[in-house]
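As provided, target_3.tsv (TSV, C-alpha atoms) reads as follows.
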chain	number	residue	atom	x	y	z
A	1	MET	CA	83.46	84.22	98.57
A	2	GLY	CA	85.55	81.05	98.63
A	3	ILE	CA	87.23	78.81	96.09
A	4	ALA	CA	87.18	75.20	94.99
A	5	VAL	CA	89.83	73.31	93.06
A	6	LEU	CA	88.48	71.11	90.28
A	7	VAL	CA	90.65	68.09	89.57
A	8	GLY	CA	89.88	66.59	86.18
A	9	THR	CA	91.10	63.01	85.91
A	10	GLN	CA	91.07	60.15	83.43
A	11	LYS	CA	88.10	58.61	85.28
A	12	GLY	CA	86.09	61.46	86.78
A	13	LEU	CA	86.12	64.83	88.54
A	14	ALA	CA	87.17	65.69	92.09
A	15	VAL	CA	86.02	68.89	93.82
A	16	LEU	CA	88.36	70.00	96.62
A	17	ARG	CA	87.17	72.68	99.04
A	18	PRO	CA	89.52	74.46	101.50
A	19	ASP	CA	88.95	76.13	104.84
A	20	SER	CA	89.46	79.89	105.07
A	21	HIS	CA	93.22	79.45	105.52
A	22	ARG	CA	93.61	76.96	102.64
A	23	GLN	CA	95.25	74.51	105.03
A	24	ASN	CA	92.58	71.82	105.43
A	25	TRP	CA	90.67	70.49	102.44
A	26	ALA	CA	87.39	68.61	102.13
A	27	PHE	CA	86.71	66.00	99.45
A	28	ASP	CA	83.57	63.88	99.17
A	29	GLN	CA	83.89	61.50	96.23
A	30	LEU	CA	84.79	61.35	92.58
A	31	CYS	CA	81.91	62.61	90.44
A	32	LEU	CA	81.26	62.29	86.70
A	33	SER	CA	82.62	58.77	87.03
A	34	GLY	CA	83.51	57.08	83.77
A	35	TRP	CA	84.21	60.35	81.97
A	36	LYS	CA	87.65	61.67	81.10
A	37	CYS	CA	87.50	65.26	82.41
A	38	GLY	CA	89.92	67.38	80.40
A	39	ALA	CA	88.83	71.03	80.77
A	40	ALA	CA	86.71	73.34	82.93
A	41	THR	CA	85.72	76.96	83.34
A	42	GLN	CA	83.18	79.10	85.20
A	43	ASP	CA	81.08	81.92	83.76
A	44	ALA	CA	80.31	85.26	85.43
A	45	ALA	CA	76.99	83.96	86.76
A	46	GLY	CA	78.67	81.05	88.56
A	47	ARG	CA	77.83	78.16	86.23
A	48	THR	CA	80.70	75.69	85.97
A	49	TYR	CA	81.36	73.86	82.70
A	50	VAL	CA	83.40	70.67	82.34
A	51	GLY	CA	84.50	69.18	79.04
A	52	VAL	CA	84.35	65.39	79.19
A	53	SER	CA	85.01	62.57	76.76
A	54	ASN	CA	84.64	58.83	76.47
A	55	ASP	CA	86.06	56.37	73.93
A	56	VAL	CA	82.55	55.09	73.20
A	57	TYR	CA	80.30	58.14	73.68
A	58	GLY	CA	82.63	60.86	72.41
A	59	ALA	CA	82.90	64.40	73.82
A	60	ALA	CA	80.27	66.25	75.85
A	61	ILE	CA	79.78	69.27	78.13
A	62	VAL	CA	78.40	68.93	81.66
A	63	VAL	CA	77.42	71.87	83.87
A	64	SER	CA	76.66	72.62	87.50
A	65	GLU	CA	75.31	75.61	89.41
A	66	ASP	CA	76.58	74.39	92.81
A	67	LEU	CA	79.47	71.96	92.12
A	68	GLU	CA	77.30	69.16	93.51
A	69	ASN	CA	74.56	68.53	90.97
A	70	TRP	CA	75.65	67.99	87.38
A	71	ARG	CA	73.80	67.61	84.09
A	72	GLN	CA	74.96	66.88	80.59
A	73	LEU	CA	74.02	69.50	78.01
A	74	ASP	CA	72.12	68.34	74.96
A	75	THR	CA	74.74	69.74	72.60
A	76	ALA	CA	78.53	69.92	72.45
A	77	PRO	CA	81.14	71.15	69.95
A	78	ARG	CA	80.77	69.12	66.75
A	79	TYR	CA	82.16	69.35	63.24
A	80	ALA	CA	79.90	68.97	60.23
A	81	ALA	CA	79.88	65.54	58.65
A	82	THR	CA	81.43	67.01	55.51
A	83	ASP	CA	84.46	68.55	57.25
A	84	LYS	CA	87.70	67.06	55.97
A	85	GLU	CA	89.87	65.25	58.51
A	86	ASP	CA	93.59	65.44	59.30
A	87	THR	CA	94.87	61.94	58.70
A	88	SER	CA	97.78	62.24	61.14
A	89	HIS	CA	95.39	63.08	63.97
A	90	ASN	CA	93.07	60.22	63.05
A	91	ARG	CA	95.97	57.81	63.02
A	92	ILE	CA	97.04	58.81	66.55
A	93	ILE	CA	93.54	58.79	68.04
A	94	GLY	CA	92.67	55.62	66.15
A	95	SER	CA	95.28	53.76	68.19
A	96	GLU	CA	92.91	54.24	71.16
A	97	ASP	CA	89.79	53.32	69.19
A	98	PRO	CA	89.15	49.62	69.94
A	99	LEU	CA	85.74	49.65	68.28
A	100	GLY	CA	87.03	51.22	65.07
A	101	MET	CA	84.49	54.03	65.17
A	102	TYR	CA	86.84	56.59	63.68
A	103	GLU	CA	88.17	54.51	60.79
A	104	GLY	CA	87.46	56.28	57.52
A	105	GLY	CA	85.63	59.07	59.31
A	106	GLY	CA	85.77	62.79	58.73
A	107	ARG	CA	86.90	65.47	61.13
A	108	PHE	CA	85.59	64.72	64.61
A	109	VAL	CA	85.78	66.08	68.17
A	110	ASP	CA	87.29	63.39	70.35
A	111	GLN	CA	88.22	65.65	73.30
A	112	VAL	CA	87.58	69.12	74.71
A	113	TRP	CA	91.04	70.39	75.67
A	114	LYS	CA	90.18	73.89	76.88
A	115	LEU	CA	87.12	75.81	78.06
A	116	HIS	CA	87.41	79.59	78.44
A	117	ALA	CA	84.72	82.01	79.62
A	118	ASN	CA	84.89	85.55	78.25
A	119	GLY	CA	81.92	87.85	78.80
A	120	ASP	CA	78.81	86.13	77.46
A	121	ALA	CA	80.86	83.66	75.42
A	122	ILE	CA	82.17	80.21	76.31
A	123	TYR	CA	84.97	79.08	74.01
A	124	ALA	CA	85.98	75.45	73.54
A	125	GLY	CA	89.31	74.34	72.12
A	126	VAL	CA	89.10	70.78	70.84
A	127	SER	CA	90.85	68.01	68.99
A	128	GLU	CA	90.88	67.46	66.07
A	129	ALA	CA	92.14	71.04	66.43
A	130	GLY	CA	89.42	73.66	66.26
A	131	LEU	CA	87.64	76.41	68.14
A	132	PHE	CA	83.93	76.57	69.02
A	133	VAL	CA	81.86	79.21	70.81
A	134	SER	CA	78.58	79.26	72.71
A	135	ARG	CA	76.74	82.48	73.50
A	136	ASN	CA	73.80	80.87	75.30
A	137	ARG	CA	75.57	79.17	78.21
A	138	GLY	CA	76.39	76.01	76.31
A	139	GLU	CA	72.96	75.28	74.89
A	140	SER	CA	74.34	75.47	71.33
A	141	TRP	CA	77.82	75.70	69.79
A	142	ASP	CA	79.13	77.29	66.61
A	143	GLY	CA	82.44	76.58	64.95
A	144	VAL	CA	84.80	79.54	64.48
A	145	ALA	CA	85.25	79.05	60.74
A	146	GLY	CA	88.16	81.46	60.39
A	147	LEU	CA	90.34	79.12	62.46
A	148	ASN	CA	88.68	75.78	61.77
A	149	ASP	CA	89.05	76.31	58.02
A	150	HIS	CA	92.30	78.28	58.17
A	151	PRO	CA	94.07	78.49	54.78
A	152	GLY	CA	97.20	76.94	56.29
A	153	ARG	CA	95.40	74.07	57.98
A	154	SER	CA	96.69	71.47	55.54
A	155	SER	CA	100.23	72.07	56.89
A	156	TRP	CA	99.28	71.61	60.56
A	157	GLU	CA	101.01	68.65	62.19
A	158	ALA	CA	99.70	66.50	65.01
A	159	GLY	CA	101.74	66.38	68.20
A	160	PHE	CA	102.30	63.33	70.40
A	161	GLY	CA	98.73	63.62	71.74
A	162	GLY	CA	97.13	64.43	68.41
A	163	LEU	CA	96.20	67.71	66.76
A	164	CYS	CA	94.68	69.77	69.58
A	165	ALA	CA	93.68	73.39	70.34
A	166	HIS	CA	94.54	73.53	74.04
A	167	SER	CA	95.15	77.19	74.98
A	168	ILE	CA	92.79	80.18	74.64
A	169	LEU	CA	93.66	83.74	75.68
A	170	THR	CA	91.50	86.85	75.40
A	171	ASP	CA	92.13	90.60	75.61
A	172	SER	CA	89.95	92.38	78.18
A	173	ASN	CA	90.72	95.71	76.50
A	174	GLN	CA	89.80	94.61	72.97
A	175	PRO	CA	87.00	92.01	72.88
A	176	ASN	CA	87.63	91.08	69.25
A	177	ARG	CA	91.22	90.02	69.98
A	178	MET	CA	92.27	86.55	71.12
A	179	TRP	CA	94.94	83.85	70.81
A	180	VAL	CA	94.76	80.07	70.42
A	181	GLY	CA	97.62	77.62	70.93
A	182	ILE	CA	97.58	74.46	68.81
A	183	SER	CA	99.87	71.46	69.13
A	184	ALA	CA	101.80	71.18	66.90
A	185	ALA	CA	100.70	74.04	64.64
A	186	GLY	CA	101.70	77.06	66.75
A	187	VAL	CA	99.98	80.16	68.08
A	188	TYR	CA	97.28	81.99	66.13
A	189	ARG	CA	95.90	85.48	66.83
A	190	THR	CA	92.73	87.18	65.64
A	191	GLU	CA	92.03	90.92	65.75
A	192	ASN	CA	88.51	90.68	64.27
A	193	ALA	CA	86.53	88.29	66.46
A	194	GLY	CA	87.76	85.16	64.73
A	195	ASN	CA	87.13	86.04	61.11
A	196	THR	CA	90.82	85.81	60.20
A	197	TRP	CA	93.85	84.48	62.08
A	198	GLN	CA	97.57	85.26	61.87
A	199	GLN	CA	100.21	82.71	62.83
A	200	CYS	CA	102.48	84.10	65.57
A	201	ASP	CA	105.63	81.98	65.89
A	202	GLN	CA	108.46	84.33	64.90
A	203	GLY	CA	111.52	83.63	67.08
A	204	ILE	CA	110.46	80.10	68.08
A	205	ASN	CA	113.00	77.34	67.45
A	206	ALA	CA	110.91	75.04	65.26
A	207	GLY	CA	111.37	71.29	65.27
A	208	ALA	CA	108.54	69.10	64.05
A	209	GLY	CA	106.13	71.98	63.61
A	210	TYR	CA	105.57	74.71	66.20
A	211	CYS	CA	104.64	72.58	69.19
A	212	VAL	CA	103.34	75.08	71.75
A	213	HIS	CA	102.51	73.29	75.01
A	214	ALA	CA	100.77	76.06	77.00
A	215	LEU	CA	100.14	79.83	77.08
A	216	VAL	CA	99.35	82.28	79.86
A	217	HIS	CA	98.97	86.04	80.23
A	218	ASP	CA	97.18	88.74	82.20
A	219	PRO	CA	94.05	89.65	80.17
A	220	LYS	CA	94.50	93.28	81.32
A	221	ASN	CA	98.08	93.34	79.96
A	222	PRO	CA	97.54	90.98	77.06
A	223	ASP	CA	100.59	91.66	74.88
A	224	VAL	CA	102.94	90.01	77.40
A	225	ILE	CA	102.42	86.28	76.89
A	226	TYR	CA	104.41	83.39	78.35
A	227	ARG	CA	104.78	80.25	76.25
A	228	GLN	CA	105.95	76.85	77.39
A	229	ASP	CA	106.94	75.21	74.13
A	230	HIS	CA	108.25	71.76	73.27
A	231	ARG	CA	111.51	73.55	72.47
A	232	GLY	CA	111.80	75.89	75.43
A	233	MET	CA	110.28	78.70	77.49
A	234	TYR	CA	109.47	81.95	75.66
A	235	ARG	CA	107.92	85.38	76.19
A	236	THR	CA	106.47	87.94	73.81
A	237	ASP	CA	105.92	91.61	74.64
A	238	ASP	CA	104.02	92.47	71.47
A	239	GLY	CA	101.15	90.00	71.41
A	240	GLY	CA	103.04	87.29	69.57
A	241	ASP	CA	104.81	89.18	66.79
A	242	GLN	CA	108.22	88.21	68.23
A	243	TRP	CA	109.19	85.66	70.87
A	244	VAL	CA	112.38	85.53	73.00
A	245	VAL	CA	113.85	82.71	75.09
A	246	ILE	CA	113.58	83.18	78.89
A	247	GLU	CA	115.36	80.22	80.48
A	248	ASP	CA	117.90	81.71	82.92
A	249	GLY	CA	117.56	79.60	86.07
A	250	LEU	CA	115.41	76.87	84.47
A	251	PRO	CA	116.85	73.35	84.16
A	252	ARG	CA	117.56	72.52	80.50
A	253	SER	CA	117.78	69.08	78.95
A	254	GLN	CA	118.65	67.53	75.62
A	255	LEU	CA	115.72	66.57	73.42
A	256	SER	CA	115.58	63.55	71.15
A	257	ASP	CA	116.82	65.70	68.23
A	258	ASP	CA	119.72	67.06	70.37
A	259	HIS	CA	118.17	70.52	70.88
A	260	VAL	CA	118.83	71.71	74.46
A	261	CYS	CA	116.09	73.69	76.20
A	262	ALA	CA	113.76	73.95	79.19
A	263	PHE	CA	111.19	71.29	78.29
A	264	GLY	CA	107.86	71.08	80.09
A	265	PHE	CA	104.11	71.45	79.77
A	266	PRO	CA	102.19	73.73	82.17
A	267	VAL	CA	102.67	77.44	82.76
A	268	THR	CA	100.40	79.59	84.93
A	269	MET	CA	100.37	83.07	86.42
A	270	ASP	CA	99.39	85.12	89.47
A	271	ILE	CA	98.10	88.24	87.75
A	272	ARG	CA	98.10	90.21	91.02
A	273	THR	CA	101.91	90.02	91.36
A	274	ASP	CA	102.88	89.05	87.77
A	275	SER	CA	104.50	85.88	89.13
A	276	VAL	CA	104.75	83.10	86.54
A	277	PHE	CA	105.07	79.41	87.44
A	278	ALA	CA	106.38	76.46	85.40
A	279	ILE	CA	107.30	72.81	85.99
A	280	PRO	CA	110.25	71.75	83.80
A	281	LEU	CA	110.65	68.07	82.95
A	282	GLU	CA	113.52	65.90	81.75
A	283	SER	CA	113.33	66.05	77.92
A	284	ASP	CA	110.76	64.71	75.50
A	285	GLY	CA	112.19	61.21	75.83
A	286	PHE	CA	111.53	60.93	79.58
A	287	ARG	CA	108.94	63.57	80.61
A	288	TYR	CA	109.49	63.28	84.34
A	289	PRO	CA	111.13	65.58	86.93
A	290	ARG	CA	114.92	65.60	86.73
A	291	ASP	CA	116.41	62.99	89.10
A	292	GLY	CA	112.91	62.47	90.51
A	293	ASN	CA	112.97	65.86	92.26
A	294	LEU	CA	109.53	67.38	91.63
A	295	ARG	CA	109.99	71.16	91.57
A	296	VAL	CA	108.09	74.29	90.57
A	297	TYR	CA	109.95	77.32	89.19
A	298	ARG	CA	108.82	80.93	89.62
A	299	THR	CA	109.81	84.19	87.96
A	300	ARG	CA	108.86	87.64	89.20
A	301	ASP	CA	110.77	89.62	86.56
A	302	LYS	CA	109.22	88.42	83.28
A	303	GLY	CA	111.54	85.45	82.98
A	304	ALA	CA	114.87	87.25	83.50
A	305	ASN	CA	115.43	84.98	86.51
A	306	TRP	CA	113.70	81.79	87.66
A	307	MET	CA	113.76	80.48	91.23
A	308	GLN	CA	113.38	76.82	92.20
A	309	LEU	CA	110.55	76.13	94.68
A	310	GLY	CA	110.62	72.77	96.42
A	311	ASN	CA	109.72	73.20	100.10
A	312	GLY	CA	107.29	70.35	100.76
A	313	LEU	CA	107.58	68.73	97.32
A	314	PRO	CA	108.88	65.16	96.99
A	315	ASN	CA	112.35	64.02	95.93
A	316	ASP	CA	111.09	60.64	94.74
A	317	SER	CA	108.48	61.45	92.09
A	318	TYR	CA	108.85	60.37	88.48
A	319	ALA	CA	105.35	61.43	87.44
A	320	SER	CA	104.69	63.96	84.71
A	321	VAL	CA	102.59	67.13	84.99
A	322	LEU	CA	100.36	67.66	81.97
A	323	ARG	CA	99.73	70.97	80.19
A	324	GLY	CA	96.36	71.70	81.81
A	325	ALA	CA	97.18	70.42	85.28
A	326	MET	CA	98.24	73.68	86.98
A	327	ASP	CA	96.32	76.78	88.05
A	328	THR	CA	96.29	79.68	90.52
A	329	ASP	CA	93.61	81.35	92.60
A	330	ASP	CA	93.10	85.12	92.93
A	331	LEU	CA	93.56	85.33	96.71
A	332	ASP	CA	96.26	87.22	98.60
A	333	PRO	CA	98.74	85.63	98.82
A	334	CYS	CA	98.23	83.62	95.68
A	335	GLY	CA	97.44	79.92	95.86
A	336	VAL	CA	99.11	77.64	93.30
A	337	TYR	CA	97.86	74.12	92.53
A	338	PHE	CA	99.04	71.28	90.31
A	339	GLY	CA	98.40	67.58	89.80
A	340	THR	CA	100.54	64.77	88.44
A	341	SER	CA	99.98	61.88	86.07
A	342	ALA	CA	100.34	59.63	89.14
A	343	GLY	CA	97.26	61.23	90.72
A	344	LYS	CA	98.89	63.43	93.37
A	345	VAL	CA	97.68	67.01	94.02
A	346	TYR	CA	99.97	69.66	95.52
A	347	ALA	CA	99.03	73.12	96.76
A	348	SER	CA	100.75	76.26	97.95
A	349	ALA	CA	98.94	79.00	99.87
A	350	ASP	CA	101.94	81.37	99.79
A	351	CYS	CA	102.68	81.91	96.11
A	352	GLY	CA	104.85	78.81	95.85
A	353	ASP	CA	107.12	79.27	98.86
A	354	SER	CA	105.85	76.08	100.53
A	355	TRP	CA	103.78	73.10	99.39
A	356	ASN	CA	101.49	70.42	100.77
A	357	GLU	CA	99.95	67.31	99.29
A	358	LEU	CA	96.21	67.90	99.25
A	359	ALA	CA	94.26	64.73	98.82
A	360	PRO	CA	94.12	60.98	98.29
A	361	THR	CA	95.68	59.52	95.16
A	362	PHE	CA	93.42	60.13	92.16
A	363	PRO	CA	93.48	58.64	88.68
A	364	ARG	CA	95.78	60.31	86.13
A	365	ILE	CA	95.24	64.08	86.45
A	366	ILE	CA	94.54	65.93	83.21
A	367	CYS	CA	93.48	69.38	84.39
A	368	ILE	CA	93.40	71.59	87.48
A	369	VAL	CA	91.01	74.57	87.47
A	370	VAL	CA	90.22	76.95	90.33
A	371	VAL	CA	86.63	78.27	90.54
A	372	SER	CA	84.65	80.46	92.93
A	373	THR	CA	82.10	79.18	95.44
Conversion result in structure tokens:
Amino acid sequence: MGIAVLVGTQKGLAVLRPDSHRQNWAFDQLCLSGWKCGAATQDAAGRTYVGVSNDVYGAAIVVSEDLENWRQLDTAPRYAATDKEDTSHNRIIGSEDPLGMYEGGGRFVDQVWKLHANGDAIYAGVSEAGLFVSRNRGESWDGVAGLNDHPGRSSWEAGFGGLCAHSILTDSNQPNRMWVGISAAGVYRTENAGNTWQQCDQGINAGAGYCVHALVHDPKNPDVIYRQDHRGMYRTDDGGDQWVVIEDGLPRSQLSDDHVCAFGFPVTMDIRTDSVFAIPLESDGFRYPRDGNLRVYRTRDKGANWMQLGNGLPNDSYASVLRGAMDTDDLDPCGVYFGTSAGKVYASADCGDSWNELAPTFPRIICIVVVST
């Protein structure tokens, strides 16, 4: 069985296929043209799901059985017309609404930020922030009311990109247990299949809300979670009850409110070796690699020490790397992949020790997801 790397961009989807050594890559053409492709996942039967959106047509789900032929599903995550909106999110998204469709509207799904397959369920994290689930391979979607109507929802604050549910983690040992990361409302955990949710941000240095940027863990060892936050890099060993800073070896910068931390967006993991990868950026005011030196950082000891990885990466890149634009494969050694806002894709076939640029320059890259072929 092989792999493919899905590259979700502002203007379509690229499917990159490697040879057996992951040295040479094939790419045909951009598909799903005209759609912003922001999330993807693959279920156990091999169906691939991509969350797409368009300023005119809204959000949708497209699927493929072979990564070549795609069809749009008849349904997608949707709020009820009576659901109350978050005005701060509407104000941010409305700035990109030239037709005025969202003015005076209720709560709406403008983007699918995360798709996550778990058993027979496909979960979708969306903005305006919420969680939806399909148990029939995307043919219908139900809102997870315990989170979507959370008692504390009125205090949730929109981040720079709006109010979005962008990270979903599940526990392979306890199917009723999962976590969702929301910018800028924090991390929420359920122990009862989504009926109730507990906020899990103890130990996080809060600024304007709890602006979690990304989460990752090993589903088989779910209590150890890594969190790239607006205000630093953190780890929890107890499923989110308490977080600690893990920044030794990471470059730290001064944020606009003078807080100093390791700022960045993506974090991903090789669950075979417990290696964790991050891409720190220069503060919230700049959001590009420090001094233009694009670097990945790796820890193999749960964040006690981070090592800079730059062999093959450029020293003249001022592009950002977004929260969903990094992933790993499950091969040995691990492959690591990320894409930049300038449309460049980089890959490592040796767990980050060396890197190569994969493909032509794409539109702005929003997500990178590795699937099986």
| field | Polymer residues at most 10 Å from region 51-57 of chain A, only C-alpha atoms, same-chain spacing of 2 or more positions, as a ChimeraX atom specification | value | /A:8-13,32,34-41,49,59-63,72,76-77,93,96-99,101,109-115,124-126
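In this structure, CA of Lys220 (chain A) sits 9.7 Å away from CA of Gln174 (chain A).
Going from CA of Pro280 (chain A) to CA of Arg252 (chain A) covers 8.1 Å.
Residues lying within 8 Å of region 253-266 of chain A, counting only C-alpha atoms and ignoring same-chain neighbours fewer than 2 positions away, are A:His213, A:Ala214, A:Gln228, A:Asp229, A:His230, A:Arg231, A:Gly232, A:Met233, A:Glu247, A:Leu250, A:Pro251, A:Thr268, A:Ala278, A:Ile279, A:Pro280, A:Leu281, A:Glu282, A:Ser283, A:Asp284, A:Gly285, A:Arg287, A:Val321, A:Leu322, A:Arg323, A:Gly324, A:Ala325, A:Met326.
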| said: Counting all atoms listed in the file, I want the residues whose atoms come within 9 Å of (99.7, 85.4, 77.4) in the file frame, returned as a PyMOL selection string. | reply: chain A and resi 169-170+179+215-219+221-227+235-236+239-240
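Checking A:Glu128, A:Asp350, A:Asp19, A:Asp201 one by one against Trp243 (chain A), counting only C-alpha atoms, you find the shortest gap at A:Asp201.
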| request: Find the residue from A:Gln42, A:Phe286, A:Asp142, A:Arg47 that sits nearest to Thr75 (chain A); use all atoms listed in the file when measuring. | output: A:Asp142
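Here CA of Gln308 (chain A) stands at a distance of 19.6 Å from CA of Ile271 (chain A).
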Could you give me, as a tab-separated table, a per-residue list for region 47-138 of chain A showing, wherever an atom lies at most 12 Å from an atom of region 185-191 of chain A, the closest pair of atoms and their distance in Å to one decimal, using only C-alpha atoms and sorting by chain then residue number from low to high?
residue	atom	partner	partner_atom	distance
A:Glu128	CA	A:Ala185	CA	11.9
A:Ala129	CA	A:Ala185	CA	9.2
A:Gly130	CA	A:Ala185	CA	11.4
A:Leu131	CA	A:Tyr188	CA	11.3
Grab the residues selected above and save them as an mmCIF file, in the coordinates of the input with C-alpha atoms.
data_model
loop_
_atom_site.group_PDB
_atom_site.id
_atom_site.type_symbol
_atom_site.label_atom_id
_atom_site.label_comp_id
_atom_site.auth_asym_id
_atom_site.auth_seq_id
_atom_site.Cartn_x
_atom_site.Cartn_y
_atom_site.Cartn_z
ATOM 1 C CA GLU A 128 90.880 67.460 66.070
ATOM 2 C CA ALA A 129 92.140 71.040 66.430
ATOM 3 C CA GLY A 130 89.420 73.660 66.260
ATOM 4 C CA LEU A 131 87.640 76.410 68.140
#
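When all atoms listed in the file are used to measure the gap to Cys351 (chain A), the shortest distance among A:Ser320, A:Thr82, A:Asn315, A:Thr299 belongs to A:Thr299.
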Please write out, as JSON, where the centre of an axis-aligned box around all listed atoms of region 177-189 of chain A lies and how long its edges are, in Å to one decimal, after adding 6 Å on each side.
{"center_x": 96.5, "center_y": 80.6, "center_z": 67.9, "size_x": 22.6, "size_y": 30.8, "size_z": 18.5}
| task | Would you mind listing what lies within 8 Å of Lys302 (chain A) as number ranges by chain, with only C-alpha atoms counted and same-chain residues fewer than 2 positions away left out? | result | A: 235, 274-276, 299-300, 304-305
Would you kindly place N, CA and C atoms on region 161-180 of chain A and return the model as a short mmCIF file (atom, residue, chain, number, x, y, z; two decimals), in the frame of the given file?
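Just written: part-v5.cif:
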data_model
loop_
_atom_site.label_atom_id
_atom_site.label_comp_id
_atom_site.auth_asym_id
_atom_site.auth_seq_id
_atom_site.Cartn_x
_atom_site.Cartn_y
_atom_site.Cartn_z
N GLY A 161 100.09 63.90 71.29
CA GLY A 161 98.73 63.62 71.74
C GLY A 161 97.67 63.92 70.71
N GLY A 162 98.08 64.09 69.46
CA GLY A 162 97.13 64.43 68.41
C GLY A 162 97.18 65.90 68.07
N LEU A 163 96.28 66.32 67.21
CA LEU A 163 96.20 67.71 66.76
C LEU A 163 95.15 68.41 67.62
N CYS A 164 95.61 69.25 68.58
CA CYS A 164 94.68 69.77 69.58
C CYS A 164 94.85 71.28 69.80
N ALA A 165 93.71 71.97 69.96
CA ALA A 165 93.68 73.39 70.34
C ALA A 165 93.48 73.43 71.85
N HIS A 166 94.53 73.74 72.59
CA HIS A 166 94.54 73.53 74.04
C HIS A 166 94.68 74.81 74.86
N SER A 167 94.97 75.94 74.23
CA SER A 167 95.15 77.19 74.98
C SER A 167 94.34 78.29 74.32
N ILE A 168 93.61 79.06 75.13
CA ILE A 168 92.79 80.18 74.64
C ILE A 168 93.04 81.38 75.54
N LEU A 169 93.46 82.49 74.95
CA LEU A 169 93.66 83.74 75.68
C LEU A 169 92.80 84.83 75.06
N THR A 170 92.29 85.73 75.89
CA THR A 170 91.50 86.85 75.40
C THR A 170 92.03 88.16 75.95
N ASP A 171 91.67 89.25 75.28
CA ASP A 171 92.13 90.60 75.61
C ASP A 171 90.96 91.35 76.22
N SER A 172 91.06 91.69 77.51
CA SER A 172 89.95 92.38 78.18
C SER A 172 89.79 93.81 77.69
N ASN A 173 90.80 94.36 77.02
CA ASN A 173 90.72 95.71 76.50
C ASN A 173 90.14 95.76 75.09
N GLN A 174 90.29 94.67 74.34
CA GLN A 174 89.80 94.61 72.97
C GLN A 174 89.06 93.27 72.79
N PRO A 175 87.75 93.27 72.88
CA PRO A 175 87.00 92.01 72.88
C PRO A 175 87.09 91.21 71.60
N ASN A 176 87.51 91.81 70.51
CA ASN A 176 87.63 91.08 69.25
C ASN A 176 88.98 90.41 69.07
N ARG A 177 89.85 90.51 70.08
CA ARG A 177 91.22 90.02 69.98
C ARG A 177 91.41 88.80 70.88
N MET A 178 92.00 87.73 70.32
CA MET A 178 92.27 86.55 71.12
C MET A 178 93.36 85.72 70.47
N TRP A 179 93.87 84.74 71.23
CA TRP A 179 94.94 83.85 70.81
C TRP A 179 94.53 82.41 71.08
N VAL A 180 94.98 81.51 70.22
CA VAL A 180 94.76 80.07 70.42
C VAL A 180 96.09 79.36 70.18
#
